[in-house]
Amino acid sequence: MGGLTALWGAVRNEVDRVRGVPAGVLAHARVADLELDTSASGDTTVAYAEDPDAVEAAVERAIARGADQVVVLPVAVAVDAAEPPGRGFDDLEQRISAICRRHRDAEIVYVGPPYDDPPALERALALFRPGDPEEPALLAGAVERAFGGDPARFGRFISTLQEAVPDGTRIILRGSAVQGVSYKTGEPFDGRGPGTSDLDLVLVGDQAMAEWDPDAFYLPGVNTMPLWDEARWVAPRLDRHRGAAQELAGRPVSLQAMALWFLDLRSSLQGTPYVTLDA
């Protein structure tokens with residue numbers, strides 16, 4: 001477990017580095033450009049490959065050099081991108097499965113679509129989860145930043161959203177309202193003036209995800225495009241209540257649907273906490 005912990009730590013460090021690349025640039029970046037700064041720490045190395053053939057070759061090389069633990073993580077899964085990831089995930093998953101059959105002594109963890117076995121990610125996610133959650137303090141900070149510390153206005157905001165979402169939906173707040181600074185730019189919340197920072201909300205639940213248009217998914221069944229003023233078409237039934245909640249907040253509000261395990265994975269790799277608003 002110690003080796004896998006170190007490996008995931010190296011992956012997380014690399015995600016932290018790559019997040020500095022603007023999303024539009026990252027979506028079109030050549031792997032060779034990222035390889036220039038490939039990181040290594042002790043016996044742990046992070047490398048890049050551009051397509052399933054290159055991934056398979058890279059994993060085989062690592063095993064030939066003596067690696068007994070390998071994590072394969074598509075960049076699009078770890079880092080918020082402006083565009084949906086390219087195709088080819090099914091082929092990649094099949095390649096990784098074949099490598100696992102050939103090298104049964106190696107522990108190979110694939111974290112990418114089609115996500116046939118999400119519970120297999122639990123052990124990796126457990127490496128990142130804090131033993132003493134700070135969610136109450138994070139929520140209090142978010143209410144202070146986004147609602148001027150007014151719990152009544154915050155309550156009306158949540159009630160407005162709850163009227164729209166299907167029963168059993170979890171409403172989660174992430175982003176700079178929770179952290180105090182932007183994950184992508186490091187800019188403080190409302191750093192450009194009162195009401196300038198948005199509230200980034202995630203809906204968790206199969207029924208909530210079904211509200212999105214079939215063409216509005218980054219990863220089908222896993223991660224949707226955000227619903228906001230410039231993309232009302234992605235989940236039109238929810239937009240009226242989102243707009244009402246936006247007026248109450250006095251700032252932009254976006255809604256996105258995600259599978260909980262995917263939210264946990266991305267939050268863990270990016271080091272970005274979130275708070276559950278309806279619990």
# chains A, B, ... in the order shown; residues from 1 in each chain; ligands from 1
>>> residues_around(residues="A:Tyr274", least_positions_apart="6", cutoff="12 Å", atoms="only C-alpha atoms", output="VMD selection string")
chain A and resid 129 133 to 139 141 to 142 171 to 180 199 to 202 260 263 to 268
>>> write_last_selection(atoms="C-alpha atoms", output="mmCIF file, in the first residue's frame")
data_model
loop_
_atom_site.group_PDB
_atom_site.id
_atom_site.type_symbol
_atom_site.label_atom_id
_atom_site.label_comp_id
_atom_site.auth_asym_id
_atom_site.auth_seq_id
_atom_site.Cartn_x
_atom_site.Cartn_y
_atom_site.Cartn_z
ATOM 1 C CA ARG A 129 -9.741 11.409 2.276
ATOM 2 C CA PRO A 133 -13.543 16.185 7.779
ATOM 3 C CA GLU A 134 -13.677 19.974 8.032
ATOM 4 C CA GLU A 135 -17.014 20.300 6.245
ATOM 5 C CA PRO A 136 -18.844 22.365 8.941
ATOM 6 C CA ALA A 137 -16.075 24.976 8.948
ATOM 7 C CA LEU A 138 -15.926 24.960 5.146
ATOM 8 C CA LEU A 139 -19.696 25.482 4.934
ATOM 9 C CA GLY A 141 -16.816 29.984 5.385
ATOM 10 C CA ALA A 142 -18.771 29.559 2.162
ATOM 11 C CA ILE A 171 -26.691 19.383 -3.722
ATOM 12 C CA ILE A 172 -22.973 20.036 -3.385
ATOM 13 C CA LEU A 173 -21.017 23.283 -3.458
ATOM 14 C CA ARG A 174 -17.416 23.343 -4.634
ATOM 15 C CA GLY A 175 -15.010 25.906 -6.040
ATOM 16 C CA SER A 176 -13.697 29.196 -4.710
ATOM 17 C CA ALA A 177 -16.697 29.802 -2.455
ATOM 18 C CA VAL A 178 -15.504 26.798 -0.428
ATOM 19 C CA GLN A 179 -11.740 27.215 -0.801
ATOM 20 C CA GLY A 180 -11.617 30.981 -0.722
ATOM 21 C CA LEU A 199 -21.283 29.478 -7.147
ATOM 22 C CA ASP A 200 -20.297 26.121 -8.636
ATOM 23 C CA LEU A 201 -22.931 23.545 -7.663
ATOM 24 C CA VAL A 202 -22.965 19.820 -8.383
ATOM 25 C CA LEU A 260 -20.376 10.949 -6.615
ATOM 26 C CA LEU A 263 -16.619 14.035 -7.875
ATOM 27 C CA ASP A 264 -14.635 12.401 -5.070
ATOM 28 C CA LEU A 265 -11.899 11.326 -7.478
ATOM 29 C CA ARG A 266 -11.501 14.742 -9.057
ATOM 30 C CA SER A 267 -11.720 16.495 -5.694
ATOM 31 C CA SER A 268 -9.059 14.179 -4.279
#
>>> residues_around(residues="stretch 66-75 of chain A", least_positions_apart="5", cutoff="6 Å", atoms="only C-alpha atoms", output="VMD selection string")
chain A and resid 106 to 111
>>> closest_residue(among="A:Asp198, A:Ile99, A:Glu163, A:Asp91", to="A:Gly112", atoms="only C-alpha atoms")
A:Asp91
>>> residues_around(residues="stretch 221-230 of chain A", least_positions_apart="2", cutoff="8 Å", atoms="only C-alpha atoms", output="PyMOL selection string")
chain A and resi 209+212+216-219+232-235+239+252-259+262
>>> write_last_selection(atoms="C-alpha atoms", output="short mmCIF file (atom, residue, chain, number, x, y, z; two decimals), in the first residue's frame")
data_model
loop_
_atom_site.label_atom_id
_atom_site.label_comp_id
_atom_site.auth_asym_id
_atom_site.auth_seq_id
_atom_site.Cartn_x
_atom_site.Cartn_y
_atom_site.Cartn_z
CA MET A 209 -28.39 13.60 -14.25
CA TRP A 212 -29.46 16.97 -18.89
CA ALA A 216 -24.65 17.87 -22.85
CA PHE A 217 -22.30 15.29 -21.34
CA TYR A 218 -18.53 15.41 -21.11
CA LEU A 219 -18.51 11.75 -20.06
CA ARG A 232 -29.51 27.15 -20.70
CA TRP A 233 -30.26 24.40 -23.20
CA VAL A 234 -28.30 21.71 -21.35
CA ALA A 235 -30.97 21.25 -18.63
CA ASP A 239 -32.96 26.66 -15.45
CA PRO A 252 -23.64 33.78 -11.13
CA VAL A 253 -24.76 30.23 -10.34
CA SER A 254 -23.95 27.13 -12.36
CA LEU A 255 -25.27 23.58 -11.99
CA GLN A 256 -23.54 20.41 -13.10
CA ALA A 257 -24.41 16.74 -12.55
CA MET A 258 -21.75 14.20 -11.57
CA ALA A 259 -21.44 10.70 -10.25
CA PHE A 262 -16.19 10.88 -9.95
#
>>> select_by_dssp(residues="stretch 34-269 of chain A", states="strand (DSSP E or B)", output="PyMOL selection string")
chain A and resi 40-41+44-45+69-72+107-110+170-174+181+188+199-204+217-219+223-224+227+253-258
>>> select_by_dssp(residues="stretch 37-252 of chain A", states="alpha helix (DSSP H)", output="ChimeraX atom specification")
/A:52-64,75-78,89-102,122-126,135-147,151-164,176-179,206-209,236-249
>>> write_last_selection(atoms="C-alpha atoms", output="JSON list (two decimals), in the first residue's frame")
[["chain", "number", "residue", "atom", "x", "y", "z"],
["A", 52, "PRO", "CA", -3.90, 3.71, -26.54],
["A", 53, "ASP", "CA", -0.91, 2.27, -28.43],
["A", 54, "ALA", "CA", 1.47, 4.59, -26.63],
["A", 55, "VAL", "CA", -0.19, 3.90, -23.26],
["A", 56, "GLU", "CA", 0.18, 0.16, -23.72],
["A", 57, "ALA", "CA", 3.82, 0.54, -24.71],
["A", 58, "ALA", "CA", 4.53, 2.85, -21.76],
["A", 59, "VAL", "CA", 2.98, 0.44, -19.25],
["A", 60, "GLU", "CA", 4.91, -2.48, -20.72],
["A", 61, "ARG", "CA", 8.15, -0.50, -20.48],
["A", 62, "ALA", "CA", 7.46, 0.38, -16.87],
["A", 63, "ILE", "CA", 6.80, -3.25, -15.97],
["A", 64, "ALA", "CA", 9.92, -4.37, -17.85],
["A", 75, "VAL", "CA", -5.75, 13.80, -18.26],
["A", 76, "ALA", "CA", -9.36, 14.74, -19.11],
["A", 77, "VAL", "CA", -10.58, 12.81, -16.07],
["A", 78, "ALA", "CA", -8.26, 14.56, -13.63],
["A", 89, "PHE", "CA", -11.58, 5.09, -24.05],
["A", 90, "ASP", "CA", -13.12, 1.68, -24.82],
["A", 91, "ASP", "CA", -9.97, 0.66, -26.69],
["A", 92, "LEU", "CA", -7.79, 1.93, -23.86],
["A", 93, "GLU", "CA", -9.75, -0.02, -21.25],
["A", 94, "GLN", "CA", -9.40, -3.19, -23.32],
["A", 95, "ARG", "CA", -5.65, -2.63, -23.67],
["A", 96, "ILE", "CA", -5.25, -2.20, -19.92],
["A", 97, "SER", "CA", -7.32, -5.33, -19.24],
["A", 98, "ALA", "CA", -5.07, -7.31, -21.59],
["A", 99, "ILE", "CA", -1.95, -6.02, -19.81],
["A", 100, "CYS", "CA", -3.45, -7.08, -16.48],
["A", 101, "ARG", "CA", -3.95, -10.59, -17.81],
["A", 102, "ARG", "CA", -0.38, -10.76, -19.07],
["A", 122, "GLU", "CA", -12.47, 3.24, -3.38],
["A", 123, "ARG", "CA", -9.03, 2.14, -2.19],
["A", 124, "ALA", "CA", -7.35, 4.89, -4.18],
["A", 125, "LEU", "CA", -9.80, 7.52, -2.95],
["A", 126, "ALA", "CA", -9.27, 6.41, 0.64],
["A", 135, "GLU", "CA", -17.01, 20.30, 6.24],
["A", 136, "PRO", "CA", -18.84, 22.37, 8.94],
["A", 137, "ALA", "CA", -16.08, 24.98, 8.95],
["A", 138, "LEU", "CA", -15.93, 24.96, 5.15],
["A", 139, "LEU", "CA", -19.70, 25.48, 4.93],
["A", 140, "ALA", "CA", -19.58, 28.36, 7.42],
["A", 141, "GLY", "CA", -16.82, 29.98, 5.38],
["A", 142, "ALA", "CA", -18.77, 29.56, 2.16],
["A", 143, "VAL", "CA", -21.91, 31.14, 3.66],
["A", 144, "GLU", "CA", -19.81, 34.04, 4.94],
["A", 145, "ARG", "CA", -18.16, 34.61, 1.56],
["A", 146, "ALA", "CA", -21.11, 34.02, -0.77],
["A", 147, "PHE", "CA", -24.07, 35.21, 1.35],
["A", 151, "PRO", "CA", -28.04, 32.08, 7.01],
["A", 152, "ALA", "CA", -31.64, 33.06, 6.13],
["A", 153, "ARG", "CA", -30.69, 34.09, 2.59],
["A", 154, "PHE", "CA", -28.59, 30.94, 2.25],
["A", 155, "GLY", "CA", -31.58, 28.87, 3.39],
["A", 156, "ARG", "CA", -33.85, 30.47, 0.78],
["A", 157, "PHE", "CA", -31.21, 29.79, -1.85],
["A", 158, "ILE", "CA", -31.10, 26.07, -0.99],
["A", 159, "SER", "CA", -34.89, 25.79, -0.76],
["A", 160, "THR", "CA", -35.23, 27.30, -4.24],
["A", 161, "LEU", "CA", -32.91, 24.66, -5.69],
["A", 162, "GLN", "CA", -34.56, 21.84, -3.77],
["A", 163, "GLU", "CA", -37.91, 22.74, -5.33],
["A", 164, "ALA", "CA", -36.49, 21.91, -8.76],
["A", 176, "SER", "CA", -13.70, 29.20, -4.71],
["A", 177, "ALA", "CA", -16.70, 29.80, -2.46],
["A", 178, "VAL", "CA", -15.50, 26.80, -0.43],
["A", 179, "GLN", "CA", -11.74, 27.21, -0.80],
["A", 206, "ASP", "CA", -29.28, 9.45, -11.40],
["A", 207, "GLN", "CA", -32.58, 11.32, -11.71],
["A", 208, "ALA", "CA", -30.85, 14.66, -11.57],
["A", 209, "MET", "CA", -28.39, 13.60, -14.25],
["A", 236, "PRO", "CA", -33.85, 23.60, -19.47],
["A", 237, "ARG", "CA", -36.32, 22.34, -16.81],
["A", 238, "LEU", "CA", -33.89, 23.27, -14.05],
["A", 239, "ASP", "CA", -32.96, 26.66, -15.45],
["A", 240, "ARG", "CA", -35.88, 28.67, -14.05],
["A", 241, "HIS", "CA", -35.07, 27.67, -10.49],
["A", 242, "ARG", "CA", -31.34, 28.11, -11.11],
["A", 243, "GLY", "CA", -32.10, 31.66, -12.26],
["A", 244, "ALA", "CA", -34.19, 32.33, -9.15],
["A", 245, "ALA", "CA", -31.41, 30.98, -6.93],
["A", 246, "GLN", "CA", -28.96, 33.17, -8.83],
["A", 247, "GLU", "CA", -31.04, 36.27, -8.03],
["A", 248, "LEU", "CA", -31.09, 35.34, -4.35],
["A", 249, "ALA", "CA", -27.33, 34.83, -4.33]]
>>> atom_distance(atom1="atom CA of A:Thr272", atom2="atom CA of A:Asp190")
17.8 Å
>>> atom_distance(atom1="atom CA of A:Asp105", atom2="atom CA of A:Leu7")
17.0 Å
>>> atom_distance(atom1="atom CA of A:Ala6", atom2="atom CA of A:Thr276")
29.2 Å
